[in-house]
>>> print(open('protein.pdb').read())   # PDB, C-alpha atoms
ATOM      1  CA  MET J1188       0.000   0.000   0.000
ATOM      2  CA  ARG J1189       1.195   3.485  -0.758
ATOM      3  CA  LYS J1190       1.664   5.710   2.252
ATOM      4  CA  GLY J1191      -0.359   8.877   2.694
ATOM      5  CA  ILE J1192      -3.299   8.060   0.409
ATOM      6  CA  HIS J1193      -5.395   5.808   2.649
ATOM      7  CA  PRO J1194      -7.727   7.089   5.383
ATOM      8  CA  GLU J1195      -6.954   6.246   9.000
ATOM      9  CA  TYR J1196      -8.741   3.123  10.234
ATOM     10  CA  MET J1197      -9.779   3.521  13.881
ATOM     11  CA  ASP J1198     -12.184   2.264  16.558
ATOM     12  CA  SER J1199     -15.649   3.626  15.871
ATOM     13  CA  LYS J1200     -19.096   3.751  17.489
ATOM     14  CA  ILE J1201     -22.345   3.314  15.596
ATOM     15  CA  ILE J1202     -25.205   4.981  17.470
ATOM     16  CA  CYS J1203     -28.750   4.052  16.471
ATOM     17  CA  GLY J1204     -31.911   6.092  16.934
ATOM     18  CA  CYS J1205     -33.215   3.354  19.260
ATOM     19  CA  GLY J1206     -30.299   4.002  21.610
ATOM     20  CA  SER J1207     -28.141   0.977  20.957
ATOM     21  CA  VAL J1208     -24.409   1.506  20.523
ATOM     22  CA  LEU J1209     -22.282  -0.853  18.454
ATOM     23  CA  GLU J1210     -18.509  -0.711  18.479
ATOM     24  CA  THR J1211     -16.568  -1.529  15.337
ATOM     25  CA  ARG J1212     -13.751  -0.177  13.217
ATOM     26  CA  ALA J1213     -14.208   2.421  10.477
ATOM     27  CA  THR J1214     -12.663   5.506   8.960
ATOM     28  CA  VAL J1215     -14.800   7.839  11.118
ATOM     29  CA  LYS J1216     -15.020   8.043  14.926
ATOM     30  CA  GLU J1217     -18.831   8.046  15.162
ATOM     31  CA  LEU J1218     -21.747   7.138  12.892
ATOM     32  CA  ARG J1219     -25.363   7.976  13.674
ATOM     33  CA  VAL J1220     -28.025   5.841  12.002
ATOM     34  CA  ASP J1221     -31.824   5.870  12.136
ATOM     35  CA  ILE J1222     -32.334   2.126  12.289
ATOM     36  CA  CYS J1223     -30.080  -0.835  13.101
ATOM     37  CA  GLY J1224     -30.265  -4.624  13.103
ATOM     38  CA  LEU J1225     -31.541  -4.621  16.693
ATOM     39  CA  CYS J1226     -34.615  -2.494  15.967
ATOM     40  CA  HIS J1227     -35.269  -3.157  12.244
ATOM     41  CA  PRO J1228     -38.713  -4.781  11.764
ATOM     42  CA  PHE J1229     -37.365  -7.467   9.433
ATOM     43  CA  TYR J1230     -34.767  -8.699  11.916
ATOM     44  CA  THR J1231     -36.934  -8.373  15.035
ATOM     45  CA  GLY J1232     -39.843 -10.326  13.552
ATOM     46  CA  THR J1233     -42.331  -7.476  13.902
ATOM     47  CA  GLN J1234     -42.597  -6.879  10.161
ATOM     48  CA  LYS J1235     -46.176  -6.631   8.985
ATOM     49  CA  LEU J1236     -46.849  -8.943   6.077
ATOM     50  CA  ILE J1237     -49.254  -7.516   3.536
ATOM     51  CA  ASP J1238     -52.083  -9.862   2.741
ATOM     52  CA  THR J1239     -51.975 -10.271  -1.028
ATOM     53  CA  ALA J1240     -54.771 -12.829  -1.166
ATOM     54  CA  GLY J1241     -57.631 -11.719  -3.324
ATOM     55  CA  ARG J1242     -55.591  -9.745  -5.860
ATOM     56  CA  VAL J1243     -56.309 -12.189  -8.667
ATOM     57  CA  GLU J1244     -60.018 -12.214  -7.874
ATOM     58  CA  LYS J1245     -60.071  -8.430  -7.765
ATOM     59  CA  PHE J1246     -58.339  -8.297 -11.163
ATOM     60  CA  ARG J1247     -60.809 -10.772 -12.678
ATOM     61  CA  ARG J1248     -63.767  -8.785 -11.330
ATOM     62  CA  ARG J1249     -62.399  -5.629 -12.922
ATOM     63  CA  GLN J1250     -61.867  -7.416 -16.238
ATOM     64  CA  GLU J1251     -65.412  -8.807 -16.199
ATOM     65  CA  LYS J1252     -66.791  -5.390 -15.338
ATOM     66  CA  ALA J1253     -64.831  -3.788 -18.191
ATOM     67  CA  ALA J1254     -66.006  -6.445 -20.656
ATOM     68  CA  LYS J1255     -69.689  -5.690 -19.958
TER      69      LYS J1255
END
>>> encode(input="protein.pdb", output="structure tokens")
Amino acid sequence: MRKGIHPEYMDSKIICGCGSVLETRATVKELRVDICGLCHPFYTGTQKLIDTAGRVEKFRRRQEKAAK
């Protein structure tokens, strides 16, 4: 690696909007994020699944109505 062209790699803290603090290494001392893996709905299991049942029937009803 050439000297003087790479950023300094240091200990860093990632601070989430939920209040959790994760320690890692990065090129900046502190990162502030809105959502992390501890509070993200997908990873916590609180994600709301959209019920897609009935879409085909709704489409067919619209097609029949348009054909009349």
>>> atom_distance(input="protein.pdb", atom1="atom CA of Lys1200 of chain J", atom2="atom CA of Phe1229 of chain J")
22.9 Å
>>> atom_distance(input="protein.pdb", atom1="atom CA of Leu1209 of chain J", atom2="atom CA of Met1197 of chain J")
14.0 Å
>>> resolve_selection(input="protein.pdb", expression="the PyMOL selection byres ((chain J and resi 1198) around 12)", output="list in words")
Glu1195, Tyr1196, Met1197, Ser1199, Lys1200, Ile1201, Leu1209, Glu1210, Thr1211, Arg1212, Ala1213, Thr1214, Val1215, Lys1216, Glu1217 and Leu1218 of chain J
>>> write_last_selection(input="protein.pdb", atoms="C-alpha atoms", output="compact mmCIF listing (two decimals), keeping the file's coordinate frame")
# COMPACT_ATOMS: atom_id res chain seq x y z
CA GLU J 1195 -6.95 6.25 9.00
CA TYR J 1196 -8.74 3.12 10.23
CA MET J 1197 -9.78 3.52 13.88
CA SER J 1199 -15.65 3.63 15.87
CA LYS J 1200 -19.10 3.75 17.49
CA ILE J 1201 -22.34 3.31 15.60
CA LEU J 1209 -22.28 -0.85 18.45
CA GLU J 1210 -18.51 -0.71 18.48
CA THR J 1211 -16.57 -1.53 15.34
CA ARG J 1212 -13.75 -0.18 13.22
CA ALA J 1213 -14.21 2.42 10.48
CA THR J 1214 -12.66 5.51 8.96
CA VAL J 1215 -14.80 7.84 11.12
CA LYS J 1216 -15.02 8.04 14.93
CA GLU J 1217 -18.83 8.05 15.16
CA LEU J 1218 -21.75 7.14 12.89
>>> atom_distance(input="protein.pdb", atom1="atom CA of Gly1206 of chain J", atom2="atom CA of Thr1231 of chain J")
15.5 Å
>>> axis_aligned_box(input="protein.pdb", around="segment 1189-1207 of chain J", padding_each_side="8 Å", output="AutoDock Vina command-line options")
--center_x -15.8 --center_y 4.9 --center_z 10.4 --size_x 50.9 --size_y 23.9 --size_z 38.4
>>> resolve_selection(input="protein.pdb", expression="the PyMOL selection byres ((chain J and resi 1220) around 9)", output="list in words")
Ile1201, Ile1202, Cys1203, Gly1204, Leu1218, Arg1219, Asp1221, Ile1222 and Cys1223 of chain J
